[in-house]
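Have a look at entry.cif; it's mmCIF, C-alpha atoms and all ligand atoms:
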```
data_model
loop_
_atom_site.label_atom_id
_atom_site.label_comp_id
_atom_site.auth_asym_id
_atom_site.auth_seq_id
_atom_site.Cartn_x
_atom_site.Cartn_y
_atom_site.Cartn_z
CA MET Y 1 -18.29 12.83 6.76
CA THR Y 2 -19.92 10.90 9.58
CA PHE Y 3 -18.12 7.77 10.69
CA ASP Y 4 -19.83 4.53 9.67
CA PRO Y 5 -18.75 1.69 11.97
CA SER Y 6 -20.60 -1.03 10.04
CA PRO Y 7 -17.85 -2.19 7.59
CA PHE Y 8 -15.43 -2.52 10.51
CA ALA Y 9 -17.95 -4.41 12.65
CA ALA Y 10 -18.68 -6.73 9.73
CA ARG Y 11 -14.95 -7.54 9.46
CA ARG Y 12 -14.76 -8.31 13.19
CA THR Y 13 -17.69 -10.68 12.76
CA ARG Y 14 -15.94 -12.45 9.88
CA LEU Y 15 -12.69 -12.79 11.81
CA ALA Y 16 -14.61 -14.13 14.82
CA GLU Y 17 -16.31 -16.72 12.59
CA TYR Y 18 -12.94 -17.82 11.25
CA ILE Y 19 -11.49 -18.20 14.74
CA ARG Y 20 -14.57 -20.04 15.95
CA ASN Y 21 -14.35 -22.46 13.02
CA ALA Y 22 -10.70 -23.05 13.91
CA GLY Y 23 -11.62 -24.07 17.47
CA GLY Y 24 -12.28 -20.68 19.10
CA GLY Y 25 -10.00 -18.34 20.99
CA ILE Y 26 -8.98 -14.77 21.56
CA ALA Y 27 -7.36 -12.36 19.11
CA LEU Y 28 -5.23 -9.45 20.18
CA ILE Y 29 -4.49 -6.72 17.63
CA PRO Y 30 -2.56 -3.67 18.86
CA SER Y 31 -2.27 -0.49 16.82
CA ALA Y 32 1.17 0.84 15.87
CA PRO Y 33 3.47 2.45 18.44
CA GLU Y 34 4.37 6.13 18.20
CA ARG Y 35 7.94 6.69 17.02
CA THR Y 36 10.27 9.39 18.31
CA ARG Y 37 11.93 11.49 15.61
CA ASN Y 38 14.27 13.31 17.96
CA ARG Y 39 14.03 14.49 21.58
CA ASP Y 40 10.32 15.21 22.15
CA SER Y 41 9.29 15.29 18.46
CA ASP Y 42 7.54 12.27 16.99
CA HIS Y 43 7.29 11.02 13.43
CA PRO Y 44 3.79 11.66 12.03
CA TYR Y 45 1.63 8.93 13.52
CA ARG Y 46 0.27 6.18 11.27
CA HIS Y 47 -1.97 3.56 12.90
CA ASP Y 48 -1.49 -0.15 12.20
CA SER Y 49 -3.37 -1.30 9.10
CA TYR Y 50 -4.77 -4.51 10.66
CA PHE Y 51 -6.02 -2.62 13.70
CA TYR Y 52 -7.62 0.03 11.50
CA TYR Y 53 -9.19 -2.61 9.26
CA LEU Y 54 -11.09 -4.00 12.26
CA THR Y 55 -11.97 -0.77 14.05
CA GLY Y 56 -11.65 2.38 11.90
CA PHE Y 57 -9.95 3.92 14.95
CA THR Y 58 -6.85 6.06 14.46
CA GLU Y 59 -5.85 7.06 18.01
CA PRO Y 60 -2.39 5.90 19.10
CA GLU Y 61 -2.09 3.46 22.02
CA SER Y 62 -5.17 1.44 21.12
CA THR Y 63 -5.65 -2.32 21.18
CA LEU Y 64 -8.47 -4.55 20.04
CA VAL Y 65 -9.24 -7.81 21.82
CA LEU Y 66 -11.70 -10.07 20.04
CA ILE Y 67 -13.11 -13.11 21.81
CA ALA Y 68 -14.68 -15.78 19.63
CA THR Y 69 -15.89 -18.89 21.42
CA ASP Y 70 -18.95 -21.10 21.02
CA SER Y 71 -20.75 -19.09 23.66
CA GLU Y 72 -19.81 -15.54 22.69
CA THR Y 73 -18.29 -12.99 20.32
CA ARG Y 74 -16.98 -9.99 22.21
CA ALA Y 75 -14.99 -6.98 21.00
CA VAL Y 76 -13.05 -5.22 23.75
CA LEU Y 77 -11.15 -2.00 23.12
CA PHE Y 78 -8.30 -0.63 25.22
CA CYS Y 79 -7.51 3.01 24.51
CA ARG Y 80 -6.27 6.24 26.07
CA ALA Y 81 -8.24 7.55 29.00
CA LYS Y 82 -9.68 11.05 28.78
CA HIS Y 83 -7.06 13.46 30.13
CA GLU Y 84 -7.82 17.16 30.41
CA GLU Y 85 -4.21 18.34 30.46
CA ARG Y 86 -2.93 16.07 27.69
CA GLU Y 87 -5.89 17.06 25.54
CA ILE Y 88 -4.90 20.73 25.94
CA TRP Y 89 -1.43 19.89 24.59
CA ASP Y 90 -2.08 17.06 22.09
CA GLY Y 91 -5.76 17.28 21.17
CA PHE Y 92 -9.01 15.41 21.62
CA ARG Y 93 -9.18 11.80 22.83
CA PHE Y 94 -12.39 9.82 22.70
CA GLY Y 95 -11.75 7.93 25.90
CA PRO Y 96 -13.13 4.41 26.48
CA ALA Y 97 -16.83 5.24 26.82
CA ALA Y 98 -17.17 7.38 23.67
CA ALA Y 99 -14.82 5.14 21.67
CA CYS Y 100 -16.84 2.05 22.61
CA GLU Y 101 -20.04 3.69 21.44
CA ARG Y 102 -18.48 5.06 18.24
CA LEU Y 103 -16.89 1.78 17.15
CA GLY Y 104 -19.72 -0.48 18.29
CA CYS Y 105 -17.50 -2.54 20.59
CA ASN Y 106 -18.94 -4.50 23.52
CA GLU Y 107 -16.64 -3.02 26.16
CA ALA Y 108 -13.80 -0.53 26.38
CA PHE Y 109 -11.24 0.18 29.08
CA ALA Y 110 -8.42 2.64 29.64
CA ASN Y 111 -4.94 1.35 28.86
CA GLU Y 112 -4.05 1.51 32.55
CA GLU Y 113 -6.31 -1.54 33.02
CA LEU Y 114 -4.74 -3.65 30.26
CA ALA Y 115 -1.95 -5.36 32.23
CA GLU Y 116 -4.36 -6.37 34.95
CA ARG Y 117 -7.18 -7.52 32.66
CA LEU Y 118 -5.12 -9.36 30.07
CA PRO Y 119 -4.42 -12.55 32.09
CA ALA Y 120 -8.13 -12.89 32.86
CA LEU Y 121 -9.01 -12.39 29.19
CA LEU Y 122 -6.44 -15.00 28.10
CA GLY Y 123 -7.34 -17.56 30.77
CA ASN Y 124 -9.05 -20.72 29.50
CA GLN Y 125 -8.97 -19.60 25.86
CA SER Y 126 -7.85 -22.45 23.63
CA ALA Y 127 -5.81 -20.28 21.26
CA LEU Y 128 -4.31 -16.81 21.14
CA TRP Y 129 -4.39 -15.18 17.69
CA TYR Y 130 -1.63 -12.61 17.56
CA SER Y 131 1.14 -11.45 15.19
CA LEU Y 132 4.07 -12.79 17.22
CA GLY Y 133 7.41 -11.23 16.23
CA HIS Y 134 5.96 -8.05 14.74
CA ASP Y 135 6.60 -5.82 17.76
CA THR Y 136 9.04 -6.95 20.44
CA ALA Y 137 7.56 -4.67 23.13
CA TRP Y 138 4.16 -6.26 22.59
CA ASP Y 139 5.67 -9.76 22.46
CA ALA Y 140 7.13 -9.14 25.92
CA ARG Y 141 3.77 -7.94 27.29
CA ILE Y 142 2.06 -11.01 25.90
CA MET Y 143 4.64 -13.38 27.38
CA GLU Y 144 4.25 -11.68 30.75
CA ALA Y 145 0.47 -12.04 30.58
CA LEU Y 146 0.73 -15.71 29.52
CA ASN Y 147 3.10 -16.39 32.42
CA ALA Y 148 0.66 -14.71 34.77
CA VAL Y 149 -2.07 -17.07 33.53
CA ARG Y 150 0.24 -20.07 33.90
CA ALA Y 151 1.00 -19.02 37.46
CA SER Y 152 -2.66 -19.49 38.35
CA VAL Y 153 -2.90 -23.01 36.96
CA ARG Y 154 -3.72 -24.37 40.44
CA ASN Y 155 -6.87 -22.26 40.37
CA GLY Y 156 -8.00 -24.26 37.36
CA VAL Y 157 -7.10 -21.61 34.79
CA ALA Y 158 -5.17 -22.67 31.70
CA ALA Y 159 -3.16 -20.53 29.27
CA PRO Y 160 -3.92 -20.85 25.54
CA ALA Y 161 -2.21 -23.95 24.19
CA ASP Y 162 -1.70 -22.44 20.74
CA ILE Y 163 -0.43 -19.10 19.52
CA ARG Y 164 -1.60 -18.59 15.95
CA ASP Y 165 -0.83 -15.80 13.50
CA VAL Y 166 -3.88 -13.56 13.21
CA ARG Y 167 -2.43 -12.13 9.98
CA GLY Y 168 -3.32 -15.38 8.18
CA PRO Y 169 -7.10 -14.85 8.10
CA LEU Y 170 -6.80 -11.06 8.00
CA ASP Y 171 -4.50 -11.07 4.97
CA GLU Y 172 -6.96 -13.22 3.08
CA MET Y 173 -9.82 -10.88 3.99
CA ARG Y 174 -7.80 -7.81 3.02
CA ILE Y 175 -7.16 -9.10 -0.51
CA PHE Y 176 -10.86 -8.67 -1.35
CA LYS Y 177 -11.91 -5.06 -1.09
CA ASP Y 178 -15.48 -4.32 0.03
CA LYS Y 179 -17.69 -1.50 -1.27
CA SER Y 180 -16.48 1.07 1.23
CA GLU Y 181 -12.82 0.25 0.54
CA ILE Y 182 -13.30 0.50 -3.22
CA ALA Y 183 -15.01 3.88 -2.86
CA THR Y 184 -12.08 5.20 -0.79
CA MET Y 185 -9.49 3.73 -3.16
CA ARG Y 186 -11.26 5.28 -6.15
CA ARG Y 187 -11.09 8.68 -4.48
CA ALA Y 188 -7.40 8.22 -3.52
CA ALA Y 189 -6.73 7.32 -7.16
CA GLU Y 190 -8.61 10.38 -8.43
CA ILE Y 191 -6.70 12.75 -6.15
CA SER Y 192 -3.41 11.15 -7.18
CA SER Y 193 -4.32 11.39 -10.87
CA GLY Y 194 -4.98 15.09 -10.37
CA ALA Y 195 -1.55 15.45 -8.78
CA HIS Y 196 0.15 13.81 -11.78
CA ARG Y 197 -1.77 16.09 -14.16
CA ARG Y 198 -0.69 19.08 -12.08
CA ALA Y 199 2.96 17.93 -12.28
CA MET Y 200 2.70 17.55 -16.07
CA ARG Y 201 1.30 21.06 -16.41
CA ALA Y 202 3.92 22.58 -14.10
CA CYS Y 203 7.04 20.90 -15.47
CA ARG Y 204 9.62 23.10 -17.28
CA PRO Y 205 13.32 22.63 -18.07
CA GLY Y 206 15.43 24.19 -15.32
CA MET Y 207 13.02 23.43 -12.48
CA MET Y 208 14.23 21.29 -9.59
CA GLU Y 209 12.79 17.83 -8.93
CA TYR Y 210 11.61 19.00 -5.51
CA GLU Y 211 9.54 21.77 -7.07
CA ILE Y 212 7.56 19.11 -8.90
CA GLU Y 213 7.32 17.07 -5.69
CA ALA Y 214 5.85 20.16 -4.02
CA GLU Y 215 3.14 20.32 -6.73
CA LEU Y 216 2.22 16.69 -6.00
CA LEU Y 217 2.07 17.19 -2.25
CA HIS Y 218 0.03 20.37 -2.62
CA GLU Y 219 -2.56 18.53 -4.68
CA PHE Y 220 -2.69 15.54 -2.30
CA ARG Y 221 -3.17 17.66 0.76
CA ARG Y 222 -5.63 20.16 -0.62
CA HIS Y 223 -8.02 17.29 -1.32
CA GLY Y 224 -7.79 15.95 2.23
CA SER Y 225 -5.20 13.22 1.80
CA GLN Y 226 -3.49 12.73 5.15
CA HIS Y 227 -0.04 11.71 3.78
CA PRO Y 228 1.63 10.42 0.65
CA ALA Y 229 1.16 6.63 0.57
CA TYR Y 230 4.96 6.28 0.21
CA THR Y 231 7.89 8.61 -0.43
CA SER Y 232 7.37 10.21 -3.84
CA ILE Y 233 9.94 9.44 -6.52
CA VAL Y 234 10.59 12.46 -8.75
CA ALA Y 235 13.45 11.34 -10.95
CA GLY Y 236 14.78 13.35 -13.89
CA GLY Y 237 17.06 11.87 -16.55
CA ALA Y 238 19.45 9.18 -15.28
CA ASN Y 239 17.83 9.23 -11.82
CA ALA Y 240 14.90 7.31 -13.32
CA CYS Y 241 17.23 4.31 -13.60
CA VAL Y 242 17.59 4.24 -9.79
CA LEU Y 243 14.46 2.30 -8.87
CA HIS Y 244 14.05 3.71 -5.35
CA TYR Y 245 15.41 7.22 -6.03
CA VAL Y 246 13.98 9.65 -3.47
CA GLY Y 247 16.65 12.39 -3.36
CA ASN Y 248 14.43 14.59 -5.55
CA ASP Y 249 17.00 17.40 -5.46
CA GLN Y 250 18.39 17.63 -9.01
CA PRO Y 251 17.58 20.02 -11.88
CA LEU Y 252 15.28 18.89 -14.70
CA LYS Y 253 16.94 19.18 -18.08
CA ASP Y 254 15.65 19.91 -21.56
CA GLY Y 255 15.72 16.73 -23.67
CA GLU Y 256 15.42 14.39 -20.66
CA LEU Y 257 12.52 12.41 -19.26
CA LEU Y 258 10.99 12.80 -15.81
CA LEU Y 259 9.71 9.70 -14.00
CA ILE Y 260 7.24 10.35 -11.16
CA ASP Y 261 6.06 7.52 -8.89
CA ALA Y 262 3.67 9.11 -6.40
CA GLY Y 263 0.32 8.35 -4.82
CA CYS Y 264 -1.59 9.69 -1.87
CA GLU Y 265 -3.00 7.93 1.15
CA LEU Y 266 -6.62 8.83 1.75
CA ASP Y 267 -8.44 7.63 4.88
CA SER Y 268 -5.81 4.88 5.23
CA TYR Y 269 -5.93 3.62 1.60
CA ALA Y 270 -3.12 4.00 -0.92
CA ALA Y 271 -2.93 4.96 -4.56
CA ASP Y 272 0.22 4.12 -6.50
CA ILE Y 273 0.79 5.81 -9.87
CA THR Y 274 3.85 6.20 -12.08
CA ARG Y 275 4.06 8.39 -15.15
CA THR Y 276 7.07 9.26 -17.27
CA PHE Y 277 7.08 12.29 -19.56
CA PRO Y 278 9.55 14.59 -21.34
CA VAL Y 279 10.69 17.61 -19.33
CA ASN Y 280 10.18 19.84 -22.39
CA GLY Y 281 6.72 18.47 -23.24
CA ARG Y 282 7.60 16.57 -26.47
CA PHE Y 283 8.37 12.86 -26.80
CA GLU Y 284 11.25 12.47 -29.26
CA GLY Y 285 13.84 10.01 -30.56
CA ALA Y 286 14.92 7.01 -28.47
CA ALA Y 287 12.91 8.18 -25.44
CA ARG Y 288 9.75 8.11 -27.56
CA ASP Y 289 10.55 4.58 -28.78
CA VAL Y 290 11.17 3.24 -25.28
CA TYR Y 291 8.04 4.99 -23.99
CA ALA Y 292 5.90 3.50 -26.76
CA LEU Y 293 7.25 0.04 -25.93
CA VAL Y 294 6.54 0.28 -22.20
CA LEU Y 295 3.08 1.69 -22.94
CA ALA Y 296 2.26 -1.22 -25.25
CA SER Y 297 3.37 -3.70 -22.58
CA GLN Y 298 1.39 -1.90 -19.88
CA LYS Y 299 -1.85 -1.82 -21.90
CA ALA Y 300 -1.52 -5.52 -22.75
CA ALA Y 301 -0.83 -6.34 -19.08
CA ILE Y 302 -3.93 -4.40 -17.97
CA ASN Y 303 -5.96 -6.41 -20.45
CA GLU Y 304 -4.91 -9.54 -18.52
CA CYS Y 305 -6.56 -8.26 -15.35
CA ARG Y 306 -9.52 -10.59 -15.70
CA ILE Y 307 -11.09 -13.35 -13.67
CA SER Y 308 -9.95 -16.02 -16.13
CA ARG Y 309 -6.29 -15.12 -15.47
CA ASN Y 310 -3.90 -15.46 -12.53
CA PHE Y 311 -1.69 -12.99 -10.68
CA ASN Y 312 1.26 -13.71 -12.96
CA SER Y 313 -0.60 -13.35 -16.29
CA PRO Y 314 -0.02 -9.57 -16.57
CA HIS Y 315 3.69 -10.04 -15.81
CA ASP Y 316 4.08 -12.79 -18.41
CA VAL Y 317 2.46 -10.67 -21.10
CA ALA Y 318 4.45 -7.55 -20.16
CA VAL Y 319 7.71 -9.51 -20.30
CA GLN Y 320 6.88 -10.97 -23.75
CA ILE Y 321 6.24 -7.52 -25.20
CA LEU Y 322 9.16 -5.82 -23.49
CA ALA Y 323 11.59 -8.57 -24.50
CA GLN Y 324 10.51 -8.41 -28.15
CA GLY Y 325 10.81 -4.62 -28.06
CA MET Y 326 14.30 -4.79 -26.56
CA LEU Y 327 15.30 -7.02 -29.51
CA ASP Y 328 13.67 -4.68 -32.03
CA LEU Y 329 15.46 -1.67 -30.50
CA LYS Y 330 18.75 -3.63 -30.59
CA LEU Y 331 19.22 -3.42 -26.86
CA LEU Y 332 19.49 -7.22 -26.81
CA THR Y 333 20.51 -9.91 -29.27
CA GLY Y 334 19.24 -13.46 -29.81
CA SER Y 335 15.78 -14.90 -30.20
CA LEU Y 336 12.72 -14.03 -28.12
CA ASP Y 337 12.76 -17.50 -26.58
CA GLU Y 338 16.41 -17.12 -25.58
CA VAL Y 339 15.85 -13.68 -24.09
CA ILE Y 340 12.99 -15.01 -21.97
CA GLU Y 341 14.60 -18.33 -21.08
CA THR Y 342 17.89 -16.78 -19.98
CA ALA Y 343 16.05 -13.77 -18.48
CA SER Y 344 18.50 -11.42 -20.24
CA TYR Y 345 15.65 -8.89 -20.38
CA LYS Y 346 16.16 -8.42 -16.62
CA ARG Y 347 19.12 -6.20 -17.41
CA PHE Y 348 16.56 -3.57 -18.45
CA TYR Y 349 13.43 -4.80 -16.65
CA MET Y 350 14.47 -6.14 -13.26
CA HIS Y 351 11.30 -5.85 -11.16
CA ARG Y 352 7.92 -7.52 -11.28
CA THR Y 353 4.80 -6.04 -12.86
CA SER Y 354 2.32 -6.08 -9.96
CA HIS Y 355 1.61 -6.09 -6.27
CA TRP Y 356 -1.60 -5.98 -4.24
CA LEU Y 357 -2.73 -2.48 -3.25
CA GLY Y 358 -4.93 -1.39 -0.34
CA LEU Y 359 -4.30 -0.15 3.18
CA ASP Y 360 -0.58 -0.66 2.50
CA VAL Y 361 1.01 0.28 -0.79
CA HIS Y 362 2.46 -3.22 -1.01
CA ASP Y 363 -0.66 -4.69 0.46
CA ALA Y 364 -1.25 -7.82 2.49
CA GLY Y 365 -2.15 -11.13 0.90
CA GLU Y 366 -0.62 -14.23 -0.62
CA TYR Y 367 0.46 -14.23 -4.26
CA LYS Y 368 0.72 -18.01 -4.58
CA ARG Y 369 -1.30 -20.86 -3.14
CA MET Y 370 0.03 -24.40 -3.01
CA GLY Y 371 2.85 -23.26 -5.27
CA ARG Y 372 0.50 -21.83 -7.95
CA TRP Y 373 -0.06 -18.15 -8.75
CA ARG Y 374 -3.51 -17.39 -7.43
CA ASP Y 375 -6.39 -16.69 -9.77
CA LEU Y 376 -7.59 -13.12 -10.13
CA GLU Y 377 -11.02 -12.63 -8.54
CA PRO Y 378 -13.49 -9.73 -8.28
CA GLY Y 379 -12.57 -7.28 -5.53
CA MET Y 380 -8.80 -7.69 -5.82
CA VAL Y 381 -6.82 -4.52 -6.54
CA LEU Y 382 -3.34 -4.73 -8.04
CA THR Y 383 -0.89 -2.41 -9.74
CA ILE Y 384 0.33 -2.83 -13.31
CA GLU Y 385 3.75 -1.22 -13.59
CA PRO Y 386 6.12 -2.43 -16.29
CA GLY Y 387 9.24 -0.38 -17.02
CA CYS Y 388 12.51 -0.23 -18.91
CA TYR Y 389 15.71 1.20 -17.41
CA ILE Y 390 18.79 1.57 -19.57
CA ARG Y 391 22.17 2.31 -17.98
CA PRO Y 392 25.17 3.37 -20.09
CA ALA Y 393 27.20 0.43 -21.41
CA ASP Y 394 29.50 -0.22 -24.35
CA ASP Y 395 27.11 -2.70 -25.93
CA VAL Y 396 24.08 -0.36 -25.70
CA PRO Y 397 23.49 2.29 -28.41
CA GLU Y 398 24.31 5.65 -26.84
CA ALA Y 399 20.99 7.20 -27.82
CA PHE Y 400 19.35 4.97 -25.15
CA TRP Y 401 21.71 5.73 -22.28
CA ASN Y 402 20.03 6.86 -19.06
CA ILE Y 403 16.48 6.46 -20.34
CA GLY Y 404 14.23 5.15 -17.59
CA VAL Y 405 10.49 4.65 -18.15
CA ARG Y 406 7.80 3.16 -15.92
CA ILE Y 407 4.03 3.42 -16.32
CA GLU Y 408 1.87 2.33 -13.38
CA ASP Y 409 -1.89 2.14 -12.89
CA ASP Y 410 -4.12 0.65 -10.18
CA VAL Y 411 -6.61 -1.94 -11.39
CA LEU Y 412 -9.69 -3.40 -9.71
CA ILE Y 413 -10.64 -6.89 -10.86
CA THR Y 414 -14.35 -7.14 -11.68
CA ALA Y 415 -16.55 -9.91 -13.05
CA VAL Y 416 -16.48 -8.19 -16.43
CA SER Y 417 -13.41 -6.18 -17.40
CA PRO Y 418 -10.45 -4.42 -15.77
CA ASP Y 419 -11.53 -1.29 -13.86
CA VAL Y 420 -8.56 1.11 -14.00
CA LEU Y 421 -8.97 3.29 -10.91
CA THR Y 422 -6.23 5.66 -12.12
CA SER Y 423 -7.54 6.09 -15.68
CA ALA Y 424 -7.76 9.89 -15.29
CA THR Y 425 -3.94 10.09 -15.44
CA PRO Y 426 -2.85 10.79 -19.05
CA LYS Y 427 -0.57 8.11 -20.47
CA CYS Y 428 -0.89 8.02 -24.29
CA ILE Y 429 1.78 10.16 -25.93
CA LYS Y 430 -0.73 12.62 -27.36
CA ASP Y 431 -2.69 12.92 -24.08
CA ILE Y 432 0.48 13.63 -22.09
CA GLU Y 433 1.70 16.17 -24.63
CA ALA Y 434 -1.74 17.85 -24.62
CA CYS Y 435 -1.81 18.02 -20.80
CA MET Y 436 1.70 19.48 -20.70
CA ALA Y 437 0.78 22.00 -23.42
CA GLU Y 438 -2.19 23.18 -21.25
CA GLY Y 439 0.34 24.27 -18.64
CA ARG Y 440 2.23 26.27 -21.26
CA ALA Y 441 -0.78 27.98 -22.89
N1 LIG Y 501 5.56 3.02 -5.36
C1 LIG Y 501 5.97 1.73 -4.98
C2 LIG Y 501 5.74 0.76 -6.04
O1 LIG Y 501 5.43 1.14 -7.15
O2 LIG Y 501 5.75 -0.41 -5.83
MN MN Y 502 3.64 -0.05 -7.26
MN MN Y 503 4.67 3.05 -7.58
#
```
Would you write the structure of this file as structure tokens?
Amino acid sequence: MTFDPSPFAARRTRLAEYIRNAGGGIALIPSAPERTRNRDSDHPYRHDSYFYYLTGFTEPESTLVLIATDSETRAVLFCRAKHEEREIWDGFRFGPAAACERLGCNEAFANEELAERLPALLGNQSALWYSLGHDTAWDARIMEALNAVRASVRNGVAAPADIRDVRGPLDEMRIFKDKSEIATMRRAAEISSGAHRRAMRACRPGMMEYEIEAELLHEFRRHGSQHPAYTSIVAGGANACVLHYVGNDQPLKDGELLLIDAGCELDSYAADITRTFPVNGRFEGAARDVYALVLASQKAAINECRISRNFNSPHDVAVQILAQGMLDLKLLTGSLDEVIETASYKRFYMHRTSHWLGLDVHDAGEYKRMGRWRDLEPGMVLTIEPGCYIRPADDVPEAFWNIGVRIEDDVLITAVSPDVLTSATPKCIKDIEACMAEGRA
């Protein structure tokens, strides 16, 4: 697909407008550093999400400088110089001239020029917009550059009086997905749904959790996903009650459930899906009851994903239904009001129902404003992921021990009704059983 720089340029324009309205200044947004894994091997590189959001550029060692004053808006890129030998070893680099043209920046320079140019860029700007404290190496470079500006005060050059967090305006922009972001997220969701269907078809008693993980990764990668969006959780039986289980190295047993929380990253955007299904393909007994309860709470929570509701509405509804179900199943005693007031349901449902989703799996953006949960608005994407996790205990009927269920979908808020991006992932009991039966036919 050809690269379209226009959504990225439009975001730079919006950020520049924000900075200008706040008195003008200069923003500096570096990409992520490369990380050594051991000796001369690196971890797979993942660019910084803010940097990507404003450029679409994925080369390491890149930095965006955005100047927004009354007299000008200027986007300046610093990136790797062309380098014949390094390109033989590590691959193609655009270099400043081609990168500038591709991204639609005003100017681009090789990184070797950054230290020298930075003081001049910072000089006489009223504010520096930067994410201070995020990367200590960058903090030190910035301090050095600011001190270099201060050293030339007798030449009539002043250092920015304010350092402001550029993540403030960017987080607010990132909450509302534009058309190109929604298209990418829809595709990431489709690929991830296909991976969950593949896992359902492949699953058999006696397989290892990692064999199912391999099915997921195969499906992600063969559709062009660059990485999983987070480490996949493939948790059989009691492992499903460990919320962040990633060992994925145990056998899958007949009569137990398998919880899979896995989503791919596609072109920098995450999907985040959880499904729970029986290893042997048939929902039975207590596991079926708990599954039906979590499913009812999840469907009701999705129905709250509307513009008349706020971020906490899905959670409130999920908790009401789960708490009543825990009473009905005799996991808890007391009245519904007591269970909710004392939060005794948290013994079995200890996490929240939603988070923003986008470039990061737990995406940027505020959840509350002035102490109030923010209203849901078109363009927001959030997960809906209630669960129920039951550890063995004397006061819990044994039939429920070690049952862990979570069901998670990704939902786009629209002006009309919830748009479930992950709706191609089976979740009703009969749909899951039918999908699993396909793999056994
Ligand atoms: N997969 C991470 C989460 O569900 O929040
Ligand atoms: Mn999630
Ligand atoms: Mn998840």
- With only C-alpha atoms and all ligand atoms counted, collect every polymer residue having an atom within 7 Å of ligand MN 503 (chain Y); state the result as a list in words.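 If we count only C-alpha atoms and all ligand atoms, the neighbours of ligand MN 503 (chain Y) turn out to be Asp261, Ala262, Asp272, Ile273, Thr274 and Glu408 of chain Y.
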- Can you work out which one of Y:Met207, Y:Leu266, Y:Leu382, Y:Val339 has the shortest atom-to-atom distance to Phe311 in chain Y, counting all atoms listed in the file?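 Closest to Phe311 in chain Y of all the choices is Y:Leu382.
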- Kindly provide, as a ChimeraX atom specification, all nucleotide and amino acid residues lying within 12 Å of ligand MN 502 (chain Y), counting only C-alpha atoms and all ligand atoms. /Y:229-233,243-244,260-263,270-275,351-358,360-363,381-387,406-411
- Query: Excluding same-chain residues fewer than 2 positions from range 179-186 of chain Y, what lies within 9 Å of it counting only C-alpha atoms, as number ranges by chain?
  - Reply: Y: 7, 177, 188-191, 265-271, 358-359, 379, 381, 412, 421-422
Taking a cut-off of 10 Å and counting all atoms listed in the file, can you build a table that, for each residue of range 108-152 of chain Y near range 70-86 of chain Y, reports the nearest atom pair and how far apart they are in Å (one decimal), sorted by chain then residue number, as a tab-separated table?
```
residue	atom	partner	partner_atom	distance
Y:Ala108	CA	Y:Leu77	CA	4.5
Y:Phe109	CA	Y:Phe78	CA	4.9
Y:Ala110	CA	Y:Ala81	CA	5.0
Y:Asn111	CA	Y:Cys79	CA	5.3
Y:Glu112	CA	Y:Ala81	CA	8.2
Y:Glu113	CA	Y:Phe78	CA	8.1
Y:Leu114	CA	Y:Phe78	CA	6.9
Y:Leu121	CA	Y:Val76	CA	9.9
```
Build an axis-aligned box that encloses every atom of ligand LIG 501 (chain Y) listed in the file, pad it by 8 Å on each side, and report its centre and edge lengths in Å to one decimal, as lines of an AutoDock Vina configuration file.
```
center_x = 5.7
center_y = 1.3
center_z = -6.1
size_x = 16.5
size_y = 19.4
size_z = 18.2
```
- Item | Point-to-point distance from CA of Ala22 in chain Y to CA of Tyr367 in chain Y, Å rounded to tenths |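 Interatomic distance here is 23.1 Å.
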- Tell me which protein, DNA and RNA residues are within 10 Å of range 152-160 of chain Y, counting all atoms listed in the file, leaving out same-chain ones fewer than 6 positions away, and put them as a PyMOL selection string. chain Y and resi 25-26+119-120+122-129+145-146
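The smallest atom-to-atom distance between Ala424 in chain Y and any of Y:Ser6, Y:Ser31, Y:Ser62, Y:Ser193, using all atoms listed in the file, is found for Y:Ser193.
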- Query: Separation of CA of Asp419 in chain Y and CA of Ile212 in chain Y, in Å?
  - Reply: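 Distance between the two atoms: 28.4 Å.
Atom pair CA of Phe57 in chain Y / CA of Asp178 in chain Y has a distance of 17.9 Å (rounded to one decimal).
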- Message: Could you list, as a count of residues only, every residue within 10 Å of range 312-322 of chain Y, counting all atoms listed in the file and ignoring same-chain residues fewer than 5 positions away?
- Response: 43
- Query: Between Y:Ala292, Y:Leu103, Y:Ala97, Y:Ile29, which has the minimum distance to Ala9 in chain Y (counting all atoms listed in the file)?
  - Reply: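 Looking at the shortest contact to Ala9 in chain Y, the residue is Y:Leu103.
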- Query: Any idea what's packed within 9 Å of Ala415 in chain Y, counting only C-alpha atoms, ignoring anything in its chain fewer than 2 positions away? Could you give it as a list of chain:residue names?
  - Reply: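 Counting only C-alpha atoms, the residues come to Y:Arg306, Y:Ile307, Y:Glu377, Y:Pro378, Y:Gly379, Y:Ile413, Y:Ser417, Y:Pro418.
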- Quick one: everything within 10 Å of Pro169 in chain Y, counting all atoms listed in the file, minus sequence neighbours fewer than 2 positions away in the same chain. Send it as a VMD selection string. chain Y and resid 14 to 15 18 to 19 129 165 to 167 171 to 174 365
- Task: Counting all atoms listed in the file, select every polymer residue within 10 Å of (-2.7, 14.8, -21.7) as defined in the file's coordinates, and provide the selection as a ChimeraX atom specification.
- Result: /Y:197,200-201,424-438
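When all atoms listed in the file are used to measure the gap to Arg347 in chain Y, the shortest distance among Y:Ile390, Y:Ala364, Y:Ala99, Y:Leu217 belongs to Y:Ile390.
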- Message: Considering only C-alpha atoms and all ligand atoms, can you say which of Y:Ala161, Y:Pro228, Y:Phe283, Y:Arg309 comes closest to ligand LIG 501 (chain Y)?
- Response: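 Among the listed residues, the smallest separation from ligand LIG 501 (chain Y) belongs to Y:Pro228.
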- Task: Pick out the closest residue to ligand LIG 501 (chain Y) from this set: Y:Val234, Y:Glu116, Y:Arg39, Y:Glu209. Count all atoms listed in the file.
- Result: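 Smallest separation from ligand LIG 501 (chain Y) among the options: Y:Val234.
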